[in-house]
Structure formats: structure tokens, C-alpha cells
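K.L.:
Here you go, start.cif (mmCIF, C-alpha atoms):
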data_final
loop_
_atom_site.label_atom_id
_atom_site.label_comp_id
_atom_site.auth_asym_id
_atom_site.auth_seq_id
_atom_site.Cartn_x
_atom_site.Cartn_y
_atom_site.Cartn_z
CA MET A 1 28.59 88.65 162.38
CA ASN A 2 29.49 91.37 164.86
CA VAL A 3 30.97 94.61 163.62
CA ARG A 4 33.28 96.63 165.80
CA GLN A 5 35.52 99.61 165.45
CA GLY A 6 39.07 98.65 164.42
CA GLU A 7 42.30 100.19 165.67
CA LEU A 8 42.57 102.53 162.73
CA GLY A 9 39.01 103.70 162.91
CA VAL A 10 37.94 101.16 160.33
CA ALA A 11 35.02 98.82 160.77
CA ALA A 12 36.56 95.40 161.33
CA THR A 13 34.55 92.24 161.21
CA VAL A 14 34.78 89.69 163.99
CA PRO A 15 33.77 86.28 162.72
CA LYS A 16 31.66 84.14 165.02
CA ARG A 17 31.84 80.40 165.15
CA GLY A 18 29.84 78.97 162.29
CA ASP A 19 30.27 81.99 160.05
CA PRO A 20 31.68 81.24 156.61
CA PRO A 21 35.29 82.43 156.25
CA SER A 22 35.57 86.14 155.56
CA TRP A 23 36.95 87.17 152.17
CA PRO A 24 40.40 88.05 153.55
CA ASP A 25 40.58 84.54 155.03
CA GLN A 26 39.55 83.11 151.68
CA ILE A 27 42.33 85.08 149.99
CA PHE A 28 44.81 83.75 152.54
CA ASP A 29 43.76 80.16 151.82
CA ILE A 30 44.21 80.77 148.08
CA LEU A 31 47.67 82.25 148.61
CA LYS A 32 48.61 79.18 150.66
CA ARG A 33 47.29 76.78 148.04
CA GLY A 34 49.15 78.77 145.40
CA ASP A 35 52.45 78.33 147.29
CA ILE A 36 52.96 82.06 147.87
CA ARG A 37 56.07 82.42 150.04
CA GLN A 38 56.74 86.16 150.14
CA VAL A 39 54.19 88.90 150.81
CA GLY A 40 55.25 92.48 150.19
CA TYR A 41 52.96 95.16 151.54
CA VAL A 42 52.58 98.74 152.55
CA PRO A 43 50.28 98.66 155.59
CA ASP A 44 46.66 99.22 154.66
CA ALA A 45 43.46 98.99 156.68
CA GLY A 46 41.59 97.05 153.99
CA HIS A 47 44.31 94.40 153.91
CA SER A 48 44.88 94.34 157.68
CA ARG A 49 43.33 90.94 158.33
CA LEU A 50 45.15 89.33 155.40
CA ILE A 51 48.44 90.93 156.49
CA ASN A 52 47.96 89.55 160.00
CA ARG A 53 47.25 86.07 158.66
CA CYS A 54 50.43 86.21 156.57
CA LYS A 55 52.52 87.46 159.48
CA ALA A 56 51.26 84.60 161.64
CA ASP A 57 52.31 81.95 159.08
CA PRO A 58 55.91 80.79 159.48
CA ALA A 59 56.02 79.56 155.86
CA ILE A 60 55.30 83.05 154.52
CA ARG A 61 57.86 85.85 154.68
CA ASP A 62 56.07 89.16 155.27
CA VAL A 63 58.02 92.13 153.98
CA VAL A 64 56.82 95.55 155.05
CA LEU A 65 57.80 98.12 152.42
CA THR A 66 58.41 101.85 152.61
CA THR A 67 56.84 102.36 149.19
CA GLU A 68 54.95 100.08 146.85
CA GLU A 69 57.54 100.14 144.06
CA GLU A 70 59.91 98.27 146.38
CA GLY A 71 57.43 95.42 146.24
CA ILE A 72 57.62 95.18 142.45
CA ALA A 73 61.39 94.69 142.66
CA LEU A 74 60.98 92.28 145.59
CA ALA A 75 58.57 90.15 143.56
CA ALA A 76 61.05 90.02 140.68
CA GLY A 77 63.81 88.94 143.04
CA ALA A 78 61.62 86.31 144.68
CA TRP A 79 60.88 84.80 141.27
CA LEU A 80 64.56 84.83 140.32
CA GLY A 81 65.13 82.82 143.49
CA GLY A 82 62.34 80.39 142.65
CA GLN A 83 59.58 81.64 144.92
CA ARG A 84 56.10 83.00 144.28
CA SER A 85 55.07 86.24 145.95
CA VAL A 86 52.12 88.57 146.19
CA LEU A 87 52.03 92.34 146.55
CA LEU A 88 49.37 94.06 148.68
CA MET A 89 48.66 97.75 148.42
CA GLN A 90 46.07 100.46 148.47
CA SER A 91 45.02 102.23 145.27
CA SER A 92 47.17 105.28 146.04
CA GLY A 93 50.21 103.00 145.92
CA VAL A 94 49.59 102.01 142.31
CA GLY A 95 50.91 105.36 141.17
CA ASN A 96 54.18 104.71 142.99
CA CYS A 97 54.82 101.60 140.90
CA ILE A 98 54.66 102.74 137.31
CA ASN A 99 58.30 102.86 136.23
CA MET A 100 59.22 99.77 138.25
CA LEU A 101 56.54 97.84 136.36
CA SER A 102 58.82 98.10 133.32
CA LEU A 103 60.96 95.48 135.10
CA ILE A 104 57.98 93.13 135.08
CA LYS A 105 57.12 93.77 131.44
CA ASN A 106 60.68 93.63 130.09
CA CYS A 107 61.52 90.38 131.83
CA ARG A 108 58.00 88.89 131.72
CA PHE A 109 57.97 88.27 135.46
CA PRO A 110 54.72 86.96 136.93
CA LEU A 111 53.21 89.51 139.31
CA LEU A 112 50.08 89.20 141.42
CA THR A 113 48.91 92.45 143.01
CA LEU A 114 45.89 92.83 145.27
CA VAL A 115 44.74 96.43 145.47
CA THR A 116 42.24 97.75 148.01
CA MET A 117 40.41 100.67 146.44
CA ARG A 118 39.95 104.13 147.86
CA GLY A 119 38.60 107.25 146.28
CA GLU A 120 35.36 105.74 145.05
CA TRP A 121 32.19 104.45 146.77
CA ALA A 122 31.32 106.56 149.83
CA GLU A 123 34.78 108.14 149.96
CA PHE A 124 35.04 110.89 152.54
CA ASN A 125 38.58 112.03 151.72
CA PRO A 126 38.82 113.84 148.38
CA TRP A 127 42.61 113.42 148.36
CA GLN A 128 42.08 109.74 147.59
CA VAL A 129 40.06 110.39 144.46
CA PRO A 130 42.65 111.56 141.86
CA MET A 131 44.71 108.35 142.08
CA GLY A 132 41.87 105.99 142.93
CA SER A 133 39.90 107.05 139.87
CA ILE A 134 42.73 106.28 137.42
CA VAL A 135 44.00 102.98 138.82
CA GLU A 136 42.38 100.83 136.16
CA PRO A 137 43.54 102.73 133.04
CA VAL A 138 47.02 103.27 134.47
CA LEU A 139 47.49 99.58 135.22
CA ARG A 140 46.16 98.62 131.80
CA LEU A 141 48.72 100.93 130.17
CA THR A 142 51.48 98.94 131.89
CA ASP A 143 50.06 95.72 130.36
CA THR A 144 48.72 94.59 133.71
CA LEU A 145 45.50 92.58 133.45
CA VAL A 146 42.93 94.06 135.81
CA TYR A 147 40.00 92.32 137.49
CA ARG A 148 37.61 94.19 139.73
CA VAL A 149 35.60 92.70 142.58
CA GLU A 150 32.47 94.35 143.95
CA ARG A 151 30.93 91.59 146.06
CA ALA A 152 32.34 89.35 148.77
CA GLU A 153 31.17 86.16 147.08
CA GLU A 154 33.26 86.98 144.00
CA VAL A 155 36.55 87.50 145.83
CA ALA A 156 37.77 83.92 146.09
CA GLU A 157 37.16 82.89 142.48
CA THR A 158 38.63 86.12 141.15
CA VAL A 159 41.82 85.96 143.23
CA GLU A 160 42.26 82.29 142.43
CA ALA A 161 41.86 82.96 138.71
CA ALA A 162 44.26 85.90 138.89
CA LEU A 163 46.88 83.81 140.68
CA ASP A 164 46.64 81.05 138.09
CA LEU A 165 46.84 83.56 135.27
CA ALA A 166 49.84 85.40 136.70
CA PHE A 167 51.97 82.37 137.48
CA GLY A 168 50.66 80.19 134.66
CA GLY A 169 51.28 82.77 132.00
CA ASP A 170 54.12 84.91 133.38
CA LEU A 171 51.80 87.92 133.41
CA SER A 172 51.15 90.94 135.57
CA VAL A 173 47.66 90.61 137.05
CA ALA A 174 45.94 92.90 139.53
CA VAL A 175 42.72 92.36 141.47
CA LEU A 176 41.00 95.54 142.58
CA LEU A 177 38.98 95.03 145.76
CA SER A 178 36.39 97.77 145.55
CA GLN A 179 35.71 100.25 148.30
CA ARG A 180 32.12 99.05 148.43
CA LEU A 181 33.38 95.57 149.27
CA ILE A 182 35.77 96.80 151.95
CA GLY A 183 33.26 99.08 153.59
CA ARG A 184 33.08 102.65 154.71
CA LYS A 185 35.98 104.04 156.63
CA VAL A 186 34.79 105.32 159.99
CA TRP A 187 36.29 108.76 160.51
CA THR A 188 35.18 109.56 164.04
CA LYS A 189 35.40 107.44 167.12
CA MET B 1 90.13 106.55 145.67
CA LEU B 2 89.89 103.38 143.64
CA GLU B 3 89.52 102.93 139.91
CA ARG B 4 86.15 101.26 139.40
CA ARG B 5 87.16 98.48 136.98
CA ALA B 6 90.12 97.51 139.13
CA ALA B 7 87.84 97.65 142.17
CA ILE B 8 85.24 95.24 140.77
CA ALA B 9 88.03 92.90 139.62
CA THR B 10 89.56 92.83 143.11
CA LEU B 11 86.18 92.43 144.78
CA LEU B 12 85.24 89.42 142.65
CA ALA B 13 88.68 87.90 142.05
CA ASN B 14 87.63 84.76 143.94
CA ARG B 15 83.92 84.78 143.23
CA PRO B 16 82.39 81.71 144.84
CA ASP B 17 79.96 79.52 142.88
CA ASP B 18 77.09 80.50 145.15
CA LEU B 19 77.47 84.27 144.77
CA PHE B 20 74.65 85.79 142.71
CA ILE B 21 74.92 89.44 141.74
CA VAL B 22 72.42 92.19 140.98
CA PRO B 23 74.19 95.28 139.62
CA GLY B 24 72.47 98.62 139.29
CA LEU B 25 71.70 100.08 135.91
CA GLY B 26 74.46 101.99 134.16
CA SER B 27 78.06 101.94 135.28
CA THR B 28 77.94 99.06 137.78
CA THR B 29 76.27 96.84 135.16
CA TYR B 30 79.14 97.69 132.78
CA ASP B 31 81.68 97.11 135.56
CA LEU B 32 80.32 93.64 136.25
CA ALA B 33 80.16 92.83 132.53
CA SER B 34 83.83 93.86 132.18
CA LEU B 35 84.75 90.70 134.13
CA GLY B 36 83.06 88.48 131.53
CA ASP B 37 79.46 87.35 131.19
CA ASP B 38 77.93 85.06 133.80
CA ASP B 39 74.47 83.53 134.17
CA ARG B 40 74.53 84.54 137.84
CA ASN B 41 74.49 88.24 136.91
CA PHE B 42 71.09 89.91 136.63
CA TYR B 43 72.11 93.00 134.68
CA LEU B 44 69.77 95.93 135.01
CA TRP B 45 69.17 98.38 132.19
CA GLY B 46 66.32 100.15 133.94
CA ALA B 47 64.24 99.80 137.13
CA MET B 48 66.34 102.51 138.76
CA GLY B 49 66.10 102.30 142.53
CA GLY B 50 65.17 98.62 142.42
CA ALA B 51 68.50 96.77 142.61
CA ALA B 52 68.62 96.35 146.39
CA MET B 53 65.04 95.12 146.55
CA ILE B 54 65.60 92.61 143.75
CA GLY B 55 68.58 91.37 145.75
CA LEU B 56 66.43 91.13 148.87
CA GLY B 57 63.83 89.03 147.05
CA VAL B 58 66.48 86.59 145.86
CA ALA B 59 68.15 86.48 149.27
CA LEU B 60 64.89 85.68 151.08
CA ALA B 61 63.92 83.06 148.51
CA ARG B 62 67.30 81.31 148.66
CA PRO B 63 68.94 81.61 152.06
CA ASP B 64 71.48 78.98 150.93
CA LEU B 65 72.91 81.36 148.30
CA LYS B 66 74.90 84.56 148.71
CA VAL B 67 73.51 87.67 147.05
CA ALA B 68 75.44 90.86 146.35
CA VAL B 69 73.82 94.02 145.10
CA ILE B 70 76.57 96.14 143.53
CA THR B 71 75.19 99.50 142.54
CA GLY B 72 76.06 103.17 142.20
CA ASP B 73 75.30 106.07 144.50
CA GLY B 74 72.65 107.50 142.17
CA GLU B 75 70.78 104.20 141.90
CA MET B 76 70.95 103.67 145.68
CA LEU B 77 69.71 107.20 146.35
CA MET B 78 66.61 106.56 144.25
CA GLY B 79 65.68 103.62 146.45
CA LEU B 80 66.91 104.58 149.93
CA GLY B 81 63.78 103.06 151.43
CA ALA B 82 65.15 99.66 150.44
CA LEU B 83 67.82 100.05 153.13
CA ALA B 84 65.06 100.54 155.69
CA THR B 85 63.26 97.43 154.43
CA ILE B 86 66.49 95.39 154.44
CA GLY B 87 67.24 96.66 157.95
CA VAL B 88 63.94 95.19 159.10
CA GLN B 89 64.33 91.88 157.23
CA ARG B 90 67.99 91.32 158.19
CA PRO B 91 68.83 88.61 155.62
CA SER B 92 72.18 87.09 156.58
CA ASN B 93 73.03 86.28 152.96
CA LEU B 94 72.71 89.77 151.46
CA ALA B 95 75.42 92.34 150.77
CA VAL B 96 74.67 95.81 149.45
CA ILE B 97 77.80 97.40 148.00
CA VAL B 98 77.68 100.92 146.63
CA PHE B 99 80.32 102.15 144.22
CA ASP B 100 80.20 105.78 145.28
CA ASN B 101 81.83 108.44 143.13
CA GLY B 102 79.39 111.20 144.08
CA HIS B 103 78.30 111.57 140.48
CA TYR B 104 75.80 110.36 137.90
CA GLY B 105 78.21 108.79 135.38
CA GLU B 106 75.57 107.75 132.86
CA THR B 107 74.12 111.19 132.32
CA GLY B 108 77.10 113.53 132.18
CA MET B 109 78.76 113.38 135.59
CA GLN B 110 76.36 115.64 137.44
CA ALA B 111 77.09 115.72 141.19
CA SER B 112 74.89 113.46 143.34
CA HIS B 113 73.70 113.97 146.90
CA THR B 114 76.65 111.95 148.23
CA HIS B 115 78.98 114.54 146.71
CA ALA B 116 77.32 117.07 148.97
CA THR B 117 75.80 116.09 152.30
CA VAL B 118 74.53 112.53 152.18
CA ASP B 119 76.52 109.81 153.95
CA LEU B 120 75.26 106.44 152.70
CA PRO B 121 77.01 104.33 155.38
CA ALA B 122 75.35 106.50 158.03
CA VAL B 123 71.99 105.97 156.32
CA ALA B 124 72.57 102.20 156.29
CA ARG B 125 73.51 102.23 159.98
CA GLY B 126 70.47 104.33 160.75
CA CYS B 127 68.31 101.74 159.00
CA GLY B 128 69.54 99.05 161.37
CA ILE B 129 72.19 97.39 159.22
CA ALA B 130 74.86 96.57 161.79
CA ASP B 131 77.78 95.62 159.55
CA VAL B 132 78.68 98.78 157.64
CA SER B 133 82.13 99.35 156.17
CA GLU B 134 84.04 101.52 153.75
CA ALA B 135 86.71 100.67 151.21
CA SER B 136 88.89 103.32 149.68
CA THR B 137 92.17 101.36 149.47
CA GLY B 138 93.15 98.07 147.90
CA ALA B 139 93.60 96.48 151.31
CA GLU B 140 90.14 97.54 152.45
CA LEU B 141 88.69 96.20 149.22
CA LYS B 142 90.36 92.83 149.79
CA ALA B 143 88.91 92.77 153.28
CA LEU B 144 85.46 93.38 151.77
CA ALA B 145 86.04 90.58 149.24
CA ALA B 146 86.92 88.25 152.11
CA LYS B 147 83.71 89.27 153.86
CA LEU B 148 81.72 88.21 150.79
CA LEU B 149 83.25 84.73 150.96
CA ASN B 150 81.99 84.23 154.52
CA LEU B 151 78.94 86.42 154.30
CA ASP B 152 77.26 87.13 157.63
CA GLY B 153 74.90 89.87 156.69
CA PRO B 154 73.17 91.93 155.99
CA ILE B 155 76.22 94.01 155.22
CA PHE B 156 76.48 97.41 153.61
CA ALA B 157 79.71 98.74 152.13
CA ARG B 158 80.66 101.92 150.37
CA VAL B 159 83.48 101.59 147.87
CA ARG B 160 84.96 104.98 147.15
CA ILE B 161 85.80 105.16 143.48
CA ALA B 162 87.12 107.92 141.24
CA ALA B 163 84.63 109.81 139.11
CA ASP B 164 85.88 108.50 135.79
CA ASP B 165 84.04 107.02 132.85
CA PRO B 166 85.86 103.96 131.49
CA PRO B 167 84.85 102.47 128.14
CA ARG B 168 81.43 100.86 128.37
CA VAL B 169 81.09 97.10 128.31
CA LEU B 170 77.53 96.39 127.24
CA PRO B 171 76.09 93.03 128.31
CA LEU B 172 72.92 91.21 127.28
CA ARG B 173 69.80 93.42 127.36
CA ASP B 174 67.02 90.87 126.84
CA GLY B 175 65.16 90.77 130.14
CA VAL B 176 63.48 87.42 129.60
CA GLU B 177 66.78 85.71 128.86
CA LEU B 178 68.46 87.39 131.83
CA LYS B 179 65.64 86.22 134.09
CA LEU B 180 65.56 82.63 132.85
CA ARG B 181 69.28 82.01 132.94
CA PHE B 182 69.68 83.53 136.41
CA ARG B 183 66.81 81.44 137.79
CA ARG B 184 68.18 78.27 136.19
CA ALA B 185 71.64 78.96 137.56
CA ALA B 186 70.13 79.33 141.04
CA GLU B 187 68.07 76.14 140.63
CA ALA B 188 71.18 74.25 139.51
CA LEU B 189 72.77 74.93 142.88
CA HIS B 190 69.97 73.26 144.82
CA ALA B 191 71.42 70.63 147.11
#
Show how you would write the structure in this file as C-alpha cells.

P.N.:
Amino acid sequence: MNVRQGELGVAATVPKRGDPPSWPDQIFDILKRGDIRQVGYVPDAGHSRLINRCKADPAIRDVVLTTEEEGIALAAGAWLGGQRSVLLMQSSGVGNCINMLSLIKNCRFPLLTLVTMRGEWAEFNPWQVPMGSIVEPVLRLTDTLVYRVERAEEVAETVEAALDLAFGGDLSVAVLLSQRLIGRKVWTK
Amino acid sequence: MLERRAAIATLLANRPDDLFIVPGLGSTTYDLASLGDDDRNFYLWGAMGGAAMIGLGVALARPDLKVAVITGDGEMLMGLGALATIGVQRPSNLAVIVFDNGHYGETGMQASHTHATVDLPAVARGCGIADVSEASTGAELKALAAKLLNLDGPIFARVRIAADDPPRVLPLRDGVELKLRFRRAAEALHA
């Protein structure tokens, strides 16, 4: 697998023929199998490949958001209209969602959130740490079930289980994709 | 200036079967409830700032239905970014209608930003919503009602209402029931 600098200064992986699918591609396949039809996201480097896959799929409506809490309300609306959705965000966005998550809890909407973590392993930017370090307890306080992934080989089974749990049980479920999994952000070109 | 209960009654006098409504928390939820309960109403009692995005989610999921978000200026101000997101998505079946009295009716009639400098129709236009209108007379309101019948959105409308506080009409508060009955009502309209 070759590694090259991405547009945002982030190491992006370029799969070669014969490589197993990367974990973002595995997530995309799971979302497709799970009949996810709307994807709300605030742009994020860690989710960039998954976002691009979703944008390229005519059966998935990609909805770029100005703030993550919009995506909570979008997911509720999608479900009211009979569709499944997923919400993609970075850990700093979790803090933007807290009051809107009362909509999910009050109405028992299913909600699947995939969070790329910042402010932990090898973080260079201290401004990411205050929110990143409290993502898990904050989500738990909202009655969101939280599953954390550290290694690439655990991504697919965890996301698949989270999707089944969210839509099978009308629950709020978040998967935290750790910073170690995503890789170091490259700060200088 | 229009009286809010008369305004909602005029707006929805000929509500079509396929018009689903998300009112904002507080006064617009009471306004909608004053017309009688309906499974196609997703009353909000919280989630301030979320009404327009809930409407967008429904509109994208069901392009065959019409969706109207009817909310107040305070609720819209809390989620202005939703207008930007709707401007990008451009759903043809979504109307965002703001009952604007320049005040927070639920909390003691404090002045809102629209009472001072903020022009919500200009914000909507700036977000790329092409069809923006205002209604401050009965005739303009009837024109808006007609637009809902043949919705070609996204549309944004400001309905200028008086800053009064009519008796509250309190609808169902159970979120699970509101969710299930709205979703079933939408499913029942599948061709």
C-alpha cells in the first residue's frame, strides 16, 4: 500500500490492486447493505474517503451540514420519512449535538453516528484535546451506546454491529474511530 | 400584521392529504394544534433549532410528499445554518415558513434579532433559496397557501404576525407516539 500526502495535509492511503478493501471502503459496503439512504456530515479528513464514496453513489443522498446538530435533526426526519441515515463527524462535533440528542431520546429514533477521534493518540493540536477527551462520557450521558475501534481489522464488525443495534433496537449508537486507527495528521508539507 | 391563529387557519384551510408539517417548539406548535390534531403533524416540544432540518430529512426521504416547516423567528434563528444546508440540497417538496413577530413568545416576549436588524428572507435568499416571499396581508397569505398546494420548492416565506400570545393549545407530548403515527401516516400514502 502506498501512502501519499492528501489534499488537507493528511496521509491518505492509495489502495493497489490486490489490496484488501480499506476500512472506509468496508464501512461504505456495510452502509449499503444496511440500506442507508441519507448521509449527513460535516467535512472531516478522517472520513474523506467514505464521504467521497457516498457522494459517488446515486442511491445515497449526501447532505453537507454547517454544524453537527443539524445532522441529528436530519436523521430524525429521514426516519419519519421511512429512510435510514448515518451521521459522520469528528470528535469536536459531538459537543455540538448534545441538546439535539434529546430529540433522539424522547422519540426513540434510531441513530448511527460514526465519529473520527481527535485529541488523543499523537495529537499535535492541543485545542482538540478538551472535547476529544470527553466524547465517551458525554455520549454515554445522552444514552448513546458507544463502541470504540482501535484497529483496522475491527472496524467492519463493529460498524455492522452498531448499525444492527441502532436500527434493530431504535437506539442511539456511536462508533468512535480512534486517532491511532486514522493515523497521524501531517502538519507540514 | 396578521393574527397568528387566523394566519395558520388561512394557510391550511385547504390542507392537501400529502402535506406533512413540522412546527417549531412553542407558539407554532400551539398554532398548528389549534386547527385540530392530525397524525401528519410532528409537534416539537424541544429540539430548538431543529425544525427545518427535520423537515429536510422527511422531504429528502419522501420526494412524493409535501413538507412544510412552520416555525417561529426565535426557533429559526437558532438553526440558521439549516437554511444554508437546504439551499445546497434544494428539495422541491419543502417549504420553510416562519411566523415572525420579532419576539420570543414562550419566554416573556423578549425582542428577537428580527425585531432589530436581521432580515430572514434576505438570509434565505443569501443561502440560495430562490423562491422567497412575504405575507403580511390576508391576500398574500392566500397566495402562499396556493403555493403550498402546487409546491415547487424549496420555498421560504415570512409571515408577519402580531406579537400577541393567544391561549395555548397543548397537543400530544409523547415523542414515541408522535414519531410512530407520523411515519405510519407517511407510509399509508405510498402509491

K.L.:
Would you list the contacts of Phe99 (chain B) as an MDAnalysis selection string, taking every protein, DNA or RNA residue within 7 Å and counting only C-alpha atoms, but skipping same-chain residues closer than 6 positions in sequence?

P.N.:
chainID B and resid 71:73 158:161

K.L.:
Keeping only C-alpha atoms, write the selected residues as a PDB file, in the frame of the given file.

P.N.:
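Result file follows (out.pdb):
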ATOM      1  CA  THR B  71      75.190  99.500 142.540  1.00  0.00           C
ATOM      2  CA  GLY B  72      76.060 103.170 142.200  1.00  0.00           C
ATOM      3  CA  ASP B  73      75.300 106.070 144.500  1.00  0.00           C
ATOM      4  CA  ARG B 158      80.660 101.920 150.370  1.00  0.00           C
ATOM      5  CA  VAL B 159      83.480 101.590 147.870  1.00  0.00           C
ATOM      6  CA  ARG B 160      84.960 104.980 147.150  1.00  0.00           C
ATOM      7  CA  ILE B 161      85.800 105.160 143.480  1.00  0.00           C
TER       8      ILE B 161
END

K.L.:
List as a list in words the residues having at least one atom at most 10 Å from position (73.9, 102.1, 160.0) as given in the file, counting all atoms listed in the file.

P.N.:
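Every polymer residue passing the test: Leu83, Ala84, Gly87, Leu120, Pro121, Ala122, Val123, Ala124, Arg125, Gly126, Cys127, Gly128, Ile129, Ala130, Asp131, Val132, Ser133, Ile155 and Phe156 of chain B.
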
K.L.:
Do me a favour and pick out the residues of chain B within 8 Å of chain A, using all atoms listed in the file, as a ChimeraX atom specification.

P.N.:
/B:46-48,50-51,53-62,79,81-82,84-85,89,174-180,182-183,186-187

K.L.:
What residues come out when you apply the PyMOL selection byres ((chain B and resi 92) around 6) to this file, written as an MDAnalysis selection string?

P.N.:
chainID B and resid 91 93:94 152:154

K.L.:
Keeping C-alpha atoms for every residue in the selection just given, could you write it to a file as a short mmCIF file (atom, residue, chain, number, x, y, z; two decimals), in the frame of the given file?

P.N.:
data_model
loop_
_atom_site.label_atom_id
_atom_site.label_comp_id
_atom_site.auth_asym_id
_atom_site.auth_seq_id
_atom_site.Cartn_x
_atom_site.Cartn_y
_atom_site.Cartn_z
CA PRO B 91 68.83 88.61 155.62
CA ASN B 93 73.03 86.28 152.96
CA LEU B 94 72.71 89.77 151.46
CA ASP B 152 77.26 87.13 157.63
CA GLY B 153 74.90 89.87 156.69
CA PRO B 154 73.17 91.93 155.99
#

K.L.:
Got a sec: who's within 12 Å of Ala139 (chain B), counting only C-alpha atoms, leaving out chain neighbours fewer than 6 positions off, as a VMD selection string?

P.N.:
chain B and resid 2 7 10 to 11 145 to 146 159

K.L.:
Assuming the chain letters and numbering stay as they are in my file, what does the PyMOL selection byres ((chain A and resi 27) around 9) actually select? List them as a list in words.

P.N.:
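Selection result, ordered by chain and number: Ser22, Trp23, Pro24, Asp25, Gln26, Phe28, Asp29, Ile30, Leu31, Lys32, Leu50, Val155, Ala156, Val159 and Glu160 of chain A.
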
K.L.:
Please provide as a PyMOL selection string all residues within 6 Å of Tyr30 (chain B), with the sequence filter that same-chain residues fewer than 3 positions apart are discarded (counting only C-alpha atoms).

P.N.:
chain B and resi 27+33+168-170

K.L.:
Just so the selection is clear, what residues does the PyMOL selection byres ((chain A and resi 175) around 7) cover here, as a ChimeraX atom specification?

P.N.:
/A:113-115,146-148,159,173-174,176-177

K.L.:
Kindly export the residues of the current selection with C-alpha atoms, as a PDB file, in the coordinates of the input.

P.N.:
ATOM      1  CA  THR A 113      48.910  92.450 143.010  1.00  0.00           C
ATOM      2  CA  LEU A 114      45.890  92.830 145.270  1.00  0.00           C
ATOM      3  CA  VAL A 115      44.740  96.430 145.470  1.00  0.00           C
ATOM      4  CA  VAL A 146      42.930  94.060 135.810  1.00  0.00           C
ATOM      5  CA  TYR A 147      40.000  92.320 137.490  1.00  0.00           C
ATOM      6  CA  ARG A 148      37.610  94.190 139.730  1.00  0.00           C
ATOM      7  CA  VAL A 159      41.820  85.960 143.230  1.00  0.00           C
ATOM      8  CA  VAL A 173      47.660  90.610 137.050  1.00  0.00           C
ATOM      9  CA  ALA A 174      45.940  92.900 139.530  1.00  0.00           C
ATOM     10  CA  LEU A 176      41.000  95.540 142.580  1.00  0.00           C
ATOM     11  CA  LEU A 177      38.980  95.030 145.760  1.00  0.00           C
TER      12      LEU A 177
END

K.L.:
Can you pull out the residues contacting Ala111 (chain B)? Cut-off 12 Å, using only C-alpha atoms, and skip same-chain residues under 5 positions away; I want them as a PyMOL selection string.

P.N.:
chain B and resi 73-74+100-106+116-118+163

K.L.:
Work out how far CA of Glu153 (chain A) is from CA of Gln128 (chain A), in Å to one decimal.

P.N.:
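Between CA of Gln128 (chain A) and CA of Glu153 (chain A) the gap works out to 26.0 Å.
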
K.L.:
Since the input lacks some atoms of region 28-44 of chain B, please model N, CA and C atoms and print them as a PDB file, keeping the file's coordinate frame.

P.N.:
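Output contents, as saved in result09.pdb:
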ATOM      1  N   THR B  28      77.600 100.296 137.062  1.00  0.00           N
ATOM      2  CA  THR B  28      77.940  99.060 137.780  1.00  0.00           C
ATOM      3  C   THR B  28      77.563  97.820 136.962  1.00  0.00           C
ATOM      4  N   THR B  29      76.546  97.938 136.097  1.00  0.00           N
ATOM      5  CA  THR B  29      76.270  96.840 135.160  1.00  0.00           C
ATOM      6  C   THR B  29      77.441  96.677 134.195  1.00  0.00           C
ATOM      7  N   TYR B  30      77.993  97.793 133.697  1.00  0.00           N
ATOM      8  CA  TYR B  30      79.140  97.690 132.780  1.00  0.00           C
ATOM      9  C   TYR B  30      80.364  97.149 133.519  1.00  0.00           C
ATOM     10  N   ASP B  31      80.550  97.593 134.769  1.00  0.00           N
ATOM     11  CA  ASP B  31      81.680  97.110 135.560  1.00  0.00           C
ATOM     12  C   ASP B  31      81.635  95.589 135.699  1.00  0.00           C
ATOM     13  N   LEU B  32      80.450  95.084 136.062  1.00  0.00           N
ATOM     14  CA  LEU B  32      80.320  93.640 136.250  1.00  0.00           C
ATOM     15  C   LEU B  32      80.549  92.913 134.928  1.00  0.00           C
ATOM     16  N   ALA B  33      79.991  93.462 133.843  1.00  0.00           N
ATOM     17  CA  ALA B  33      80.160  92.830 132.530  1.00  0.00           C
ATOM     18  C   ALA B  33      81.626  92.830 132.100  1.00  0.00           C
ATOM     19  N   SER B  34      82.419  93.784 132.590  1.00  0.00           N
ATOM     20  CA  SER B  34      83.830  93.860 132.180  1.00  0.00           C
ATOM     21  C   SER B  34      84.619  92.641 132.655  1.00  0.00           C
ATOM     22  N   LEU B  35      84.064  91.901 133.621  1.00  0.00           N
ATOM     23  CA  LEU B  35      84.750  90.700 134.130  1.00  0.00           C
ATOM     24  C   LEU B  35      84.373  89.464 133.320  1.00  0.00           C
ATOM     25  N   GLY B  36      83.539  89.621 132.313  1.00  0.00           N
ATOM     26  CA  GLY B  36      83.060  88.480 131.530  1.00  0.00           C
ATOM     27  C   GLY B  36      81.623  88.158 131.922  1.00  0.00           C
ATOM     28  N   ASP B  37      80.880  87.628 130.960  1.00  0.00           N
ATOM     29  CA  ASP B  37      79.460  87.350 131.190  1.00  0.00           C
ATOM     30  C   ASP B  37      79.310  86.158 132.132  1.00  0.00           C
ATOM     31  N   ASP B  38      78.181  86.138 132.841  1.00  0.00           N
ATOM     32  CA  ASP B  38      77.930  85.060 133.800  1.00  0.00           C
ATOM     33  C   ASP B  38      76.421  84.950 134.005  1.00  0.00           C
ATOM     34  N   ASP B  39      75.914  83.738 133.982  1.00  0.00           N
ATOM     35  CA  ASP B  39      74.470  83.530 134.170  1.00  0.00           C
ATOM     36  C   ASP B  39      73.999  84.017 135.533  1.00  0.00           C
ATOM     37  N   ARG B  40      74.906  84.126 136.478  1.00  0.00           N
ATOM     38  CA  ARG B  40      74.530  84.540 137.840  1.00  0.00           C
ATOM     39  C   ARG B  40      74.504  86.057 138.001  1.00  0.00           C
ATOM     40  N   ASN B  41      74.605  86.770 136.893  1.00  0.00           N
ATOM     41  CA  ASN B  41      74.490  88.240 136.910  1.00  0.00           C
ATOM     42  C   ASN B  41      73.125  88.633 136.369  1.00  0.00           C
ATOM     43  N   PHE B  42      72.371  89.398 137.140  1.00  0.00           N
ATOM     44  CA  PHE B  42      71.090  89.910 136.630  1.00  0.00           C
ATOM     45  C   PHE B  42      71.283  91.393 136.299  1.00  0.00           C
ATOM     46  N   TYR B  43      71.823  91.622 135.096  1.00  0.00           N
ATOM     47  CA  TYR B  43      72.110  93.000 134.680  1.00  0.00           C
ATOM     48  C   TYR B  43      70.828  93.819 134.628  1.00  0.00           C
ATOM     49  N   LEU B  44      70.917  95.025 135.114  1.00  0.00           N
ATOM     50  CA  LEU B  44      69.770  95.930 135.010  1.00  0.00           C
ATOM     51  C   LEU B  44      70.084  97.015 133.986  1.00  0.00           C
TER      52      LEU B  44
END
